[in-house]
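Quick look at structure_20.pdb (PDB, C-alpha atoms):
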```
ATOM      1  CA  MET B 672       0.530 -17.819   0.773  1.00  0.00           C
ATOM      2  CA  ASP B 673       2.552 -20.752  -0.503  1.00  0.00           C
ATOM      3  CA  GLN B 674       0.015 -23.223  -1.861  1.00  0.00           C
ATOM      4  CA  THR B 675       0.320 -24.800  -5.297  1.00  0.00           C
ATOM      5  CA  ILE B 676      -2.368 -23.649  -7.729  1.00  0.00           C
ATOM      6  CA  LYS B 677      -3.305 -25.941 -10.589  1.00  0.00           C
ATOM      7  CA  ASN B 678      -5.779 -25.353 -13.408  1.00  0.00           C
ATOM      8  CA  ILE B 679      -8.438 -27.831 -14.526  1.00  0.00           C
ATOM      9  CA  GLN B 680      -5.870 -29.581 -16.757  1.00  0.00           C
ATOM     10  CA  GLY B 681      -3.700 -30.201 -13.694  1.00  0.00           C
ATOM     11  CA  GLU B 682      -1.045 -27.715 -14.850  1.00  0.00           C
ATOM     12  CA  THR B 683       0.709 -25.678 -12.171  1.00  0.00           C
ATOM     13  CA  LEU B 684       0.220 -21.925 -12.483  1.00  0.00           C
ATOM     14  CA  ASP B 685       3.171 -19.734 -11.525  1.00  0.00           C
ATOM     15  CA  TYR B 686       2.251 -16.797  -9.319  1.00  0.00           C
ATOM     16  CA  THR B 687       3.643 -14.117  -7.045  1.00  0.00           C
ATOM     17  CA  PHE B 688       1.736 -13.278  -3.873  1.00  0.00           C
ATOM     18  CA  THR B 689       2.637 -10.110  -1.956  1.00  0.00           C
ATOM     19  CA  SER B 690       1.052  -8.752   1.216  1.00  0.00           C
ATOM     20  CA  GLY B 691       0.043  -5.130   1.396  1.00  0.00           C
ATOM     21  CA  ALA B 692       1.681  -2.558   3.626  1.00  0.00           C
ATOM     22  CA  GLN B 693       0.762  -3.307   7.234  1.00  0.00           C
ATOM     23  CA  SER B 694      -0.005   0.317   8.082  1.00  0.00           C
ATOM     24  CA  CYS B 695      -3.039   0.377   5.799  1.00  0.00           C
ATOM     25  CA  ARG B 696      -3.686  -3.276   5.025  1.00  0.00           C
ATOM     26  CA  ASP B 697      -7.236  -4.548   4.556  1.00  0.00           C
ATOM     27  CA  GLU B 698      -6.983  -8.316   4.816  1.00  0.00           C
ATOM     28  CA  SER B 699     -10.423  -8.868   3.299  1.00  0.00           C
ATOM     29  CA  TRP B 700      -9.272  -7.805  -0.188  1.00  0.00           C
ATOM     30  CA  LEU B 701      -7.069  -9.567  -2.717  1.00  0.00           C
ATOM     31  CA  VAL B 702      -6.275  -8.092  -6.115  1.00  0.00           C
ATOM     32  CA  ILE B 703      -5.538 -10.733  -8.749  1.00  0.00           C
ATOM     33  CA  LEU B 704      -3.583  -9.514 -11.783  1.00  0.00           C
ATOM     34  CA  GLY B 705      -3.608 -11.155 -15.213  1.00  0.00           C
ATOM     35  CA  HIS B 706      -1.368 -10.269 -18.167  1.00  0.00           C
ATOM     36  CA  GLY B 707      -1.905  -9.939 -21.907  1.00  0.00           C
ATOM     37  CA  VAL B 708      -1.118 -12.064 -24.959  1.00  0.00           C
ATOM     38  CA  THR B 709       2.530 -13.281 -25.076  1.00  0.00           C
ATOM     39  CA  GLY B 710       3.046 -11.774 -21.613  1.00  0.00           C
ATOM     40  CA  ASN B 711       3.534 -13.132 -18.107  1.00  0.00           C
ATOM     41  CA  LYS B 712       3.256 -12.048 -14.476  1.00  0.00           C
ATOM     42  CA  ASP B 713       6.679 -10.384 -14.560  1.00  0.00           C
ATOM     43  CA  ARG B 714       5.904  -7.794 -17.231  1.00  0.00           C
ATOM     44  CA  PRO B 715       6.509  -4.267 -15.870  1.00  0.00           C
ATOM     45  CA  VAL B 716       2.895  -3.165 -16.320  1.00  0.00           C
ATOM     46  CA  ILE B 717       1.839  -5.977 -13.963  1.00  0.00           C
ATOM     47  CA  VAL B 718       4.763  -5.782 -11.532  1.00  0.00           C
ATOM     48  CA  ASP B 719       4.611  -2.005 -11.116  1.00  0.00           C
ATOM     49  CA  THR B 720       0.844  -1.947 -10.663  1.00  0.00           C
ATOM     50  CA  ALA B 721       0.999  -4.728  -8.090  1.00  0.00           C
ATOM     51  CA  LYS B 722       3.723  -2.866  -6.198  1.00  0.00           C
ATOM     52  CA  ALA B 723       1.627   0.294  -6.085  1.00  0.00           C
ATOM     53  CA  LEU B 724      -1.364  -1.676  -4.802  1.00  0.00           C
ATOM     54  CA  ASN B 725       0.837  -3.282  -2.117  1.00  0.00           C
ATOM     55  CA  GLU B 726       1.976   0.142  -0.975  1.00  0.00           C
ATOM     56  CA  ALA B 727      -1.682   1.164  -0.745  1.00  0.00           C
ATOM     57  CA  GLY B 728      -2.353  -1.789   1.565  1.00  0.00           C
ATOM     58  CA  PHE B 729      -3.727  -4.412  -0.824  1.00  0.00           C
ATOM     59  CA  ASP B 730      -2.584  -8.015  -0.986  1.00  0.00           C
ATOM     60  CA  THR B 731      -1.911  -8.993  -4.597  1.00  0.00           C
ATOM     61  CA  LEU B 732      -1.549 -12.194  -6.571  1.00  0.00           C
ATOM     62  CA  ALA B 733      -0.088 -11.858 -10.062  1.00  0.00           C
ATOM     63  CA  PHE B 734      -0.036 -15.047 -12.108  1.00  0.00           C
ATOM     64  CA  SER B 735       0.980 -16.325 -15.516  1.00  0.00           C
ATOM     65  CA  PHE B 736      -1.676 -18.037 -17.568  1.00  0.00           C
ATOM     66  CA  SER B 737      -0.905 -21.633 -18.540  1.00  0.00           C
ATOM     67  CA  GLY B 738       1.630 -21.894 -21.352  1.00  0.00           C
ATOM     68  CA  ASN B 739       3.076 -18.468 -20.468  1.00  0.00           C
ATOM     69  CA  GLY B 740       6.042 -17.513 -18.324  1.00  0.00           C
ATOM     70  CA  ASP B 741       6.911 -20.273 -15.852  1.00  0.00           C
ATOM     71  CA  SER B 742       3.422 -21.740 -15.731  1.00  0.00           C
ATOM     72  CA  GLU B 743       3.013 -25.245 -17.089  1.00  0.00           C
ATOM     73  CA  GLY B 744       1.182 -25.867 -20.342  1.00  0.00           C
ATOM     74  CA  ASP B 745       1.458 -25.309 -24.086  1.00  0.00           C
ATOM     75  CA  PHE B 746       1.523 -21.720 -25.337  1.00  0.00           C
ATOM     76  CA  ARG B 747      -0.485 -22.781 -28.388  1.00  0.00           C
ATOM     77  CA  SER B 748      -3.383 -23.571 -26.059  1.00  0.00           C
ATOM     78  CA  ALA B 749      -3.303 -20.155 -24.379  1.00  0.00           C
ATOM     79  CA  THR B 750      -6.713 -19.078 -25.640  1.00  0.00           C
ATOM     80  CA  ILE B 751      -9.001 -16.650 -23.841  1.00  0.00           C
ATOM     81  CA  SER B 752     -11.390 -19.495 -23.030  1.00  0.00           C
ATOM     82  CA  ASN B 753      -8.614 -21.520 -21.384  1.00  0.00           C
ATOM     83  CA  GLU B 754      -7.351 -18.449 -19.550  1.00  0.00           C
ATOM     84  CA  VAL B 755     -10.832 -17.892 -18.118  1.00  0.00           C
ATOM     85  CA  ASN B 756     -10.553 -21.392 -16.668  1.00  0.00           C
ATOM     86  CA  ASP B 757      -7.110 -20.526 -15.269  1.00  0.00           C
ATOM     87  CA  LEU B 758      -8.506 -17.440 -13.559  1.00  0.00           C
ATOM     88  CA  ARG B 759     -11.354 -19.476 -12.121  1.00  0.00           C
ATOM     89  CA  SER B 760      -8.823 -21.932 -10.675  1.00  0.00           C
ATOM     90  CA  VAL B 761      -6.922 -19.086  -9.006  1.00  0.00           C
ATOM     91  CA  ILE B 762     -10.120 -17.659  -7.539  1.00  0.00           C
ATOM     92  CA  GLU B 763     -11.137 -21.046  -6.197  1.00  0.00           C
ATOM     93  CA  ALA B 764      -7.753 -21.361  -4.498  1.00  0.00           C
ATOM     94  CA  VAL B 765      -8.078 -18.056  -2.620  1.00  0.00           C
ATOM     95  CA  ALA B 766     -11.798 -17.432  -2.181  1.00  0.00           C
ATOM     96  CA  SER B 767     -12.024 -19.082   1.235  1.00  0.00           C
ATOM     97  CA  THR B 768      -9.366 -16.683   2.542  1.00  0.00           C
ATOM     98  CA  TYR B 769     -10.452 -13.494   0.792  1.00  0.00           C
ATOM     99  CA  PRO B 770     -14.153 -12.527   0.836  1.00  0.00           C
ATOM    100  CA  LYS B 771     -13.449  -9.608  -1.508  1.00  0.00           C
ATOM    101  CA  ILE B 772     -11.607 -10.283  -4.752  1.00  0.00           C
ATOM    102  CA  ALA B 773     -10.711  -7.690  -7.369  1.00  0.00           C
ATOM    103  CA  TYR B 774      -9.372  -8.656 -10.763  1.00  0.00           C
ATOM    104  CA  LEU B 775      -7.102  -6.473 -12.891  1.00  0.00           C
ATOM    105  CA  GLY B 776      -6.481  -7.604 -16.443  1.00  0.00           C
ATOM    106  CA  HIS B 777      -4.130  -6.091 -18.994  1.00  0.00           C
ATOM    107  CA  SER B 778      -4.882  -6.409 -22.715  1.00  0.00           C
ATOM    108  CA  MET B 779      -6.204  -9.918 -23.449  1.00  0.00           C
ATOM    109  CA  GLY B 780      -6.276 -10.441 -19.702  1.00  0.00           C
ATOM    110  CA  GLY B 781      -8.902  -7.708 -19.677  1.00  0.00           C
ATOM    111  CA  ALA B 782     -11.181  -9.794 -21.902  1.00  0.00           C
ATOM    112  CA  VAL B 783     -10.634 -12.719 -19.532  1.00  0.00           C
ATOM    113  CA  GLY B 784     -11.784 -10.507 -16.673  1.00  0.00           C
ATOM    114  CA  VAL B 785     -15.011  -9.423 -18.354  1.00  0.00           C
ATOM    115  CA  ILE B 786     -15.987 -13.015 -19.118  1.00  0.00           C
ATOM    116  CA  GLN B 787     -15.264 -14.301 -15.607  1.00  0.00           C
ATOM    117  CA  THR B 788     -16.765 -11.325 -13.776  1.00  0.00           C
ATOM    118  CA  ALA B 789     -19.990 -11.628 -15.757  1.00  0.00           C
ATOM    119  CA  MET B 790     -20.575 -15.067 -14.225  1.00  0.00           C
ATOM    120  CA  ASP B 791     -18.707 -14.992 -10.893  1.00  0.00           C
ATOM    121  CA  ASP B 792     -20.065 -13.036  -7.946  1.00  0.00           C
ATOM    122  CA  ARG B 793     -16.866 -13.651  -5.986  1.00  0.00           C
ATOM    123  CA  ILE B 794     -15.267 -10.836  -8.005  1.00  0.00           C
ATOM    124  CA  LYS B 795     -16.252  -7.592  -6.287  1.00  0.00           C
ATOM    125  CA  ALA B 796     -14.338  -5.104  -8.467  1.00  0.00           C
ATOM    126  CA  LEU B 797     -12.932  -5.155 -12.002  1.00  0.00           C
ATOM    127  CA  VAL B 798     -10.110  -3.167 -13.598  1.00  0.00           C
ATOM    128  CA  SER B 799      -9.402  -3.315 -17.334  1.00  0.00           C
ATOM    129  CA  VAL B 800      -6.040  -1.870 -18.396  1.00  0.00           C
ATOM    130  CA  ALA B 801      -5.934  -1.465 -22.179  1.00  0.00           C
ATOM    131  CA  GLY B 802      -8.585  -4.149 -22.041  1.00  0.00           C
ATOM    132  CA  MET B 803      -9.393  -6.123 -25.183  1.00  0.00           C
ATOM    133  CA  VAL B 804     -13.069  -6.096 -26.156  1.00  0.00           C
ATOM    134  CA  ASP B 805     -13.326  -6.821 -29.896  1.00  0.00           C
ATOM    135  CA  THR B 806     -11.290 -10.012 -29.901  1.00  0.00           C
ATOM    136  CA  LYS B 807     -11.970 -10.836 -33.550  1.00  0.00           C
ATOM    137  CA  ALA B 808     -10.784  -7.427 -34.750  1.00  0.00           C
ATOM    138  CA  PHE B 809      -7.621  -7.814 -32.690  1.00  0.00           C
ATOM    139  CA  ALA B 810      -6.872 -11.259 -34.119  1.00  0.00           C
ATOM    140  CA  VAL B 811      -7.486 -10.229 -37.718  1.00  0.00           C
ATOM    141  CA  THR B 812      -5.588  -6.930 -37.450  1.00  0.00           C
ATOM    142  CA  GLU B 813      -2.536  -8.275 -35.649  1.00  0.00           C
ATOM    143  CA  PHE B 814      -2.250 -11.801 -37.051  1.00  0.00           C
ATOM    144  CA  GLY B 815      -4.437 -11.964 -40.142  1.00  0.00           C
ATOM    145  CA  GLN B 816      -1.414 -12.165 -42.440  1.00  0.00           C
ATOM    146  CA  GLU B 817      -0.023 -15.219 -40.643  1.00  0.00           C
ATOM    147  CA  ILE B 818      -0.976 -18.840 -41.318  1.00  0.00           C
ATOM    148  CA  PRO B 819      -2.144 -20.456 -38.062  1.00  0.00           C
ATOM    149  CA  ASP B 820      -0.051 -23.437 -36.972  1.00  0.00           C
ATOM    150  CA  GLU B 821       2.719 -22.186 -39.300  1.00  0.00           C
ATOM    151  CA  GLY B 822       3.292 -18.532 -38.418  1.00  0.00           C
ATOM    152  CA  PHE B 823       4.180 -16.668 -35.249  1.00  0.00           C
ATOM    153  CA  MET B 824       2.830 -13.796 -33.211  1.00  0.00           C
ATOM    154  CA  TRP B 825       4.697 -10.615 -34.085  1.00  0.00           C
ATOM    155  CA  GLU B 826       7.425 -12.757 -35.725  1.00  0.00           C
ATOM    156  CA  ASP B 827       8.447 -14.191 -32.355  1.00  0.00           C
ATOM    157  CA  GLU B 828       9.317 -17.858 -32.817  1.00  0.00           C
ATOM    158  CA  SER B 829       8.699 -18.514 -29.136  1.00  0.00           C
ATOM    159  CA  CYS B 830       5.050 -17.529 -29.661  1.00  0.00           C
ATOM    160  CA  PRO B 831       3.563 -19.794 -32.347  1.00  0.00           C
ATOM    161  CA  LEU B 832       0.182 -18.736 -33.704  1.00  0.00           C
ATOM    162  CA  SER B 833      -2.265 -21.615 -33.367  1.00  0.00           C
ATOM    163  CA  VAL B 834      -5.526 -22.468 -35.070  1.00  0.00           C
ATOM    164  CA  ALA B 835      -7.040 -22.844 -31.597  1.00  0.00           C
ATOM    165  CA  PHE B 836      -6.031 -19.295 -30.617  1.00  0.00           C
ATOM    166  CA  MET B 837      -7.466 -17.696 -33.759  1.00  0.00           C
ATOM    167  CA  ALA B 838     -10.673 -19.737 -33.668  1.00  0.00           C
ATOM    168  CA  ASP B 839     -11.277 -18.814 -30.042  1.00  0.00           C
ATOM    169  CA  LEU B 840     -10.831 -15.075 -30.613  1.00  0.00           C
ATOM    170  CA  CYS B 841     -12.713 -14.948 -33.916  1.00  0.00           C
ATOM    171  CA  ASP B 842     -15.429 -17.580 -33.649  1.00  0.00           C
ATOM    172  CA  THR B 843     -15.952 -18.684 -30.049  1.00  0.00           C
ATOM    173  CA  ILE B 844     -15.819 -15.182 -28.557  1.00  0.00           C
ATOM    174  CA  GLY B 845     -15.756 -12.494 -31.251  1.00  0.00           C
ATOM    175  CA  SER B 846     -16.321  -9.729 -28.718  1.00  0.00           C
ATOM    176  CA  VAL B 847     -16.864  -9.528 -24.960  1.00  0.00           C
ATOM    177  CA  GLU B 848     -19.091  -6.480 -25.323  1.00  0.00           C
ATOM    178  CA  PRO B 849     -22.336  -8.511 -25.064  1.00  0.00           C
ATOM    179  CA  LEU B 850     -21.176  -9.751 -21.647  1.00  0.00           C
ATOM    180  CA  ALA B 851     -20.463  -6.257 -20.361  1.00  0.00           C
ATOM    181  CA  ALA B 852     -24.126  -5.729 -19.480  1.00  0.00           C
ATOM    182  CA  SER B 853     -23.826  -8.606 -17.001  1.00  0.00           C
ATOM    183  CA  VAL B 854     -20.962  -6.934 -15.117  1.00  0.00           C
ATOM    184  CA  LYS B 855     -22.606  -5.324 -12.103  1.00  0.00           C
ATOM    185  CA  VAL B 856     -19.566  -4.643  -9.901  1.00  0.00           C
ATOM    186  CA  PRO B 857     -17.551  -1.398  -9.848  1.00  0.00           C
ATOM    187  CA  TRP B 858     -15.456  -1.286 -13.020  1.00  0.00           C
ATOM    188  CA  LEU B 859     -12.487   0.896 -13.939  1.00  0.00           C
ATOM    189  CA  LEU B 860     -11.258   1.254 -17.530  1.00  0.00           C
ATOM    190  CA  VAL B 861      -7.760   2.653 -18.169  1.00  0.00           C
ATOM    191  CA  HIS B 862      -6.447   3.162 -21.698  1.00  0.00           C
ATOM    192  CA  GLY B 863      -3.698   5.101 -23.450  1.00  0.00           C
ATOM    193  CA  THR B 864      -4.493   7.244 -26.463  1.00  0.00           C
ATOM    194  CA  ALA B 865      -1.403   5.973 -28.345  1.00  0.00           C
ATOM    195  CA  ASP B 866      -2.229   2.273 -27.910  1.00  0.00           C
ATOM    196  CA  ASP B 867      -1.822   0.629 -31.334  1.00  0.00           C
ATOM    197  CA  VAL B 868      -2.266  -2.972 -30.113  1.00  0.00           C
ATOM    198  CA  VAL B 869      -5.666  -2.797 -28.444  1.00  0.00           C
ATOM    199  CA  LEU B 870      -7.204   0.360 -29.809  1.00  0.00           C
ATOM    200  CA  PRO B 871      -8.839   2.889 -27.472  1.00  0.00           C
ATOM    201  CA  LYS B 872     -12.134   2.264 -29.269  1.00  0.00           C
ATOM    202  CA  ASP B 873     -12.450  -0.957 -27.274  1.00  0.00           C
ATOM    203  CA  THR B 874     -12.639   1.006 -24.031  1.00  0.00           C
ATOM    204  CA  GLU B 875     -14.843   3.613 -25.701  1.00  0.00           C
ATOM    205  CA  SER B 876     -17.344   0.916 -26.680  1.00  0.00           C
ATOM    206  CA  ILE B 877     -17.737  -0.216 -23.075  1.00  0.00           C
ATOM    207  CA  LYS B 878     -18.068   3.347 -21.845  1.00  0.00           C
ATOM    208  CA  ALA B 879     -20.741   4.035 -24.459  1.00  0.00           C
ATOM    209  CA  LEU B 880     -22.609   0.906 -23.419  1.00  0.00           C
ATOM    210  CA  LYS B 881     -22.321   1.254 -19.639  1.00  0.00           C
ATOM    211  CA  GLY B 882     -22.224   5.020 -19.203  1.00  0.00           C
ATOM    212  CA  ASP B 883     -21.791   6.156 -15.623  1.00  0.00           C
ATOM    213  CA  ALA B 884     -21.782   2.535 -14.453  1.00  0.00           C
ATOM    214  CA  VAL B 885     -18.062   2.433 -15.264  1.00  0.00           C
ATOM    215  CA  ASP B 886     -15.192   4.784 -14.454  1.00  0.00           C
ATOM    216  CA  THR B 887     -12.739   5.698 -17.187  1.00  0.00           C
ATOM    217  CA  VAL B 888      -9.203   7.097 -17.110  1.00  0.00           C
ATOM    218  CA  ILE B 889      -7.639   8.028 -20.453  1.00  0.00           C
ATOM    219  CA  VAL B 890      -3.872   8.557 -20.363  1.00  0.00           C
ATOM    220  CA  GLU B 891      -2.820  10.948 -23.102  1.00  0.00           C
ATOM    221  CA  GLY B 892       0.048   9.621 -25.219  1.00  0.00           C
ATOM    222  CA  ALA B 893       0.378   6.291 -23.380  1.00  0.00           C
ATOM    223  CA  ASP B 894       1.173   3.162 -25.386  1.00  0.00           C
ATOM    224  CA  HIS B 895      -0.229  -0.309 -24.842  1.00  0.00           C
ATOM    225  CA  SER B 896       1.980  -1.138 -21.845  1.00  0.00           C
ATOM    226  CA  PHE B 897       2.328   2.367 -20.360  1.00  0.00           C
ATOM    227  CA  ASN B 898       6.088   2.152 -20.846  1.00  0.00           C
ATOM    228  CA  GLU B 899       6.919   5.803 -20.272  1.00  0.00           C
ATOM    229  CA  PRO B 900       7.495   6.484 -16.551  1.00  0.00           C
ATOM    230  CA  ALA B 901       5.015   9.369 -16.494  1.00  0.00           C
ATOM    231  CA  HIS B 902       2.342   7.229 -18.101  1.00  0.00           C
ATOM    232  CA  LYS B 903       3.050   4.313 -15.751  1.00  0.00           C
ATOM    233  CA  ALA B 904       2.719   6.690 -12.802  1.00  0.00           C
ATOM    234  CA  GLN B 905      -0.672   7.869 -14.062  1.00  0.00           C
ATOM    235  CA  LEU B 906      -1.797   4.268 -14.449  1.00  0.00           C
ATOM    236  CA  THR B 907      -0.719   3.118 -11.001  1.00  0.00           C
ATOM    237  CA  GLU B 908      -2.081   6.231  -9.302  1.00  0.00           C
ATOM    238  CA  ALA B 909      -5.439   5.811 -11.032  1.00  0.00           C
ATOM    239  CA  VAL B 910      -5.700   2.156 -10.093  1.00  0.00           C
ATOM    240  CA  THR B 911      -4.669   2.564  -6.448  1.00  0.00           C
ATOM    241  CA  HIS B 912      -6.873   5.625  -5.919  1.00  0.00           C
ATOM    242  CA  TRP B 913      -9.863   3.869  -7.453  1.00  0.00           C
ATOM    243  CA  MET B 914      -9.327   0.638  -5.530  1.00  0.00           C
ATOM    244  CA  SER B 915      -8.925   2.526  -2.265  1.00  0.00           C
ATOM    245  CA  SER B 916     -12.177   4.369  -2.900  1.00  0.00           C
ATOM    246  CA  HIS B 917     -14.039   1.096  -3.462  1.00  0.00           C
ATOM    247  CA  ALA B 918     -12.452  -0.916  -0.659  1.00  0.00           C
ATOM    248  CA  SER B 919     -14.851   0.076   2.078  1.00  0.00           C
TER
END
```
Translate the structure described by the file into structure tokens.
Amino acid sequence: MDQTIKNIQGETLDYTFTSGAQSCRDESWLVILGHGVTGNKDRPVIVDTAKALNEAGFDTLAFSFSGNGDSEGDFRSATISNEVNDLRSVIEAVASTYPKIAYLGHSMGGAVGVIQTAMDDRIKALVSVAGMVDTKAFAVTEFGQEIPDEGFMWEDESCPLSVAFMADLCDTIGSVEPLAASVKVPWLLVHGTADDVVLPKDTESIKALKGDAVDTVIVEGADHSFNEPAHKAQLTEAVTHWMSSHAS
């Protein structure tokens, strides 16, 4: 796949497409992977998960939301609402080739996935990795001491905190939990118990709401990005095993 993908603003989205292992490849499935706030498609949690899915036979497309990584756009406009539009543009670019699309979102990318899946029947499976649910609580906890349009995310001058970003998380969205009831496809939640960025209670709230309609894997001691090799291995094994079981 070598086509150019643009979002509704006409900005080019950077992506990496990789075919699955030929010995077990199912060409009807594509797993799209979306990253978290301040991230990009080349973060290890995305790269390593995509690699594991490739080895299990799945084609993958990992992309950077506009304003992040090598995608065009302004980082200050990288709100969840705009990222939902980015994901929709990616899906529209591949849907004619892949009748079965799965979306895996890490952190804020998880919130993007809930919103899009709730209104898009082209997504046939959803995976939330340390998925953000209470977007207002995240914004207030992590960035409440900063002045929007003056301060920065986690003191990183390359990641300015915008009024648009805070308003989207706090006012426009607030929480994606109300949309969870509209997600009817198979859904896997993976979270680490030591995550201090998106707290495990976000995953717990979805599990409490959906019950047996979702599958949950809790990785003891894992941080937000599953940085320890043992934790990363548990993540990738859980995702590939679950996807393989739902790929029939």
Considering all atoms listed in the file, give me a table of residues in segment 706-824 of chain B that are at most 12 Å from segment 839-845 of chain B, with the closest atom pair and distance in Å for each, as a tab-separated table.
```
residue	atom	partner	partner_atom	distance
B:Val708	CA	B:Leu840	CA	11.6
B:Arg747	CA	B:Asp839	CA	11.6
B:Ser748	CA	B:Asp839	CA	10.0
B:Ala749	CA	B:Asp839	CA	9.9
B:Thr750	CA	B:Asp839	CA	6.3
B:Ile751	CA	B:Asp839	CA	7.0
B:Ser752	CA	B:Asp839	CA	7.0
B:Asn753	CA	B:Asp839	CA	9.5
B:Glu754	CA	B:Asp839	CA	11.2
B:Val755	CA	B:Ile844	CA	11.9
B:Met779	CA	B:Leu840	CA	10.0
B:Ala782	CA	B:Ile844	CA	9.7
B:Val783	CA	B:Ile844	CA	10.7
B:Val785	CA	B:Ile844	CA	11.7
B:Ile786	CA	B:Ile844	CA	9.7
B:Met803	CA	B:Leu840	CA	10.6
B:Val804	CA	B:Gly845	CA	8.6
B:Asp805	CA	B:Gly845	CA	6.3
B:Thr806	CA	B:Leu840	CA	5.1
B:Lys807	CA	B:Cys841	CA	4.2
B:Ala808	CA	B:Cys841	CA	7.8
B:Phe809	CA	B:Leu840	CA	8.2
B:Ala810	CA	B:Leu840	CA	6.5
B:Val811	CA	B:Cys841	CA	8.0
B:Thr812	CA	B:Cys841	CA	11.3
B:Glu813	CA	B:Leu840	CA	11.8
B:Phe814	CA	B:Leu840	CA	11.2
B:Gly815	CA	B:Cys841	CA	10.8
```
* **Picked residues, the PyMOL selection byres ((chain B and resi 862) around 10), expected as a ChimeraX atom specification** => /B:777-778,799-802,860-861,863-866,869-875,887-897,906
* Structure fact -> One residue among B:Asp792, B:Asp886, B:Glu908, B:Asp745 is nearest to Phe836 of chain B when using all atoms listed in the file, and that residue is B:Asp745
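Picked out by the PyMOL selection byres ((chain B and resi 697-701) around 7) when it runs on this file: Cys695, Arg696, Val702, Ile703, Gly728, Phe729, Asp730, Thr731, Tyr769, Pro770, Lys771, Ile772 and Ala773 of chain B.
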* For this file, the PyMOL selection byres ((chain B and resi 733) around 7) selects which residues, as a ChimeraX atom specification? -> /B:686-688,703-705,712,731-732,734
Each side padded by 3 Å, which centre and which edge lengths in Å (one decimal) define the axis-aligned box around the listed atoms of segment 696-704 of chain B? Give them as lines of an AutoDock Vina configuration file.
```
center_x = -7.0
center_y = -7.0
center_z = -3.4
size_x = 12.8
size_y = 13.5
size_z = 22.8
```
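Nearest to Lys722 of chain B of all the residues B:Ala692, B:Val856, B:Ile794, B:Ala918 is B:Ala692, based on all atoms listed in the file.
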* Excluding Val761 of chain B and residues on its chain fewer than 6 positions from it, collect all residues at most 8 Å away from it, counting only C-alpha atoms, and give them as an MDAnalysis selection string. => chainID B and resid 676:678
* To do: Could you please determine the separation between atom CA of Ser853 of chain B and atom CA of Ala789 of chain B in Å, to one decimal place?
  =>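 Distance reported for this atom pair: 5.0 Å.
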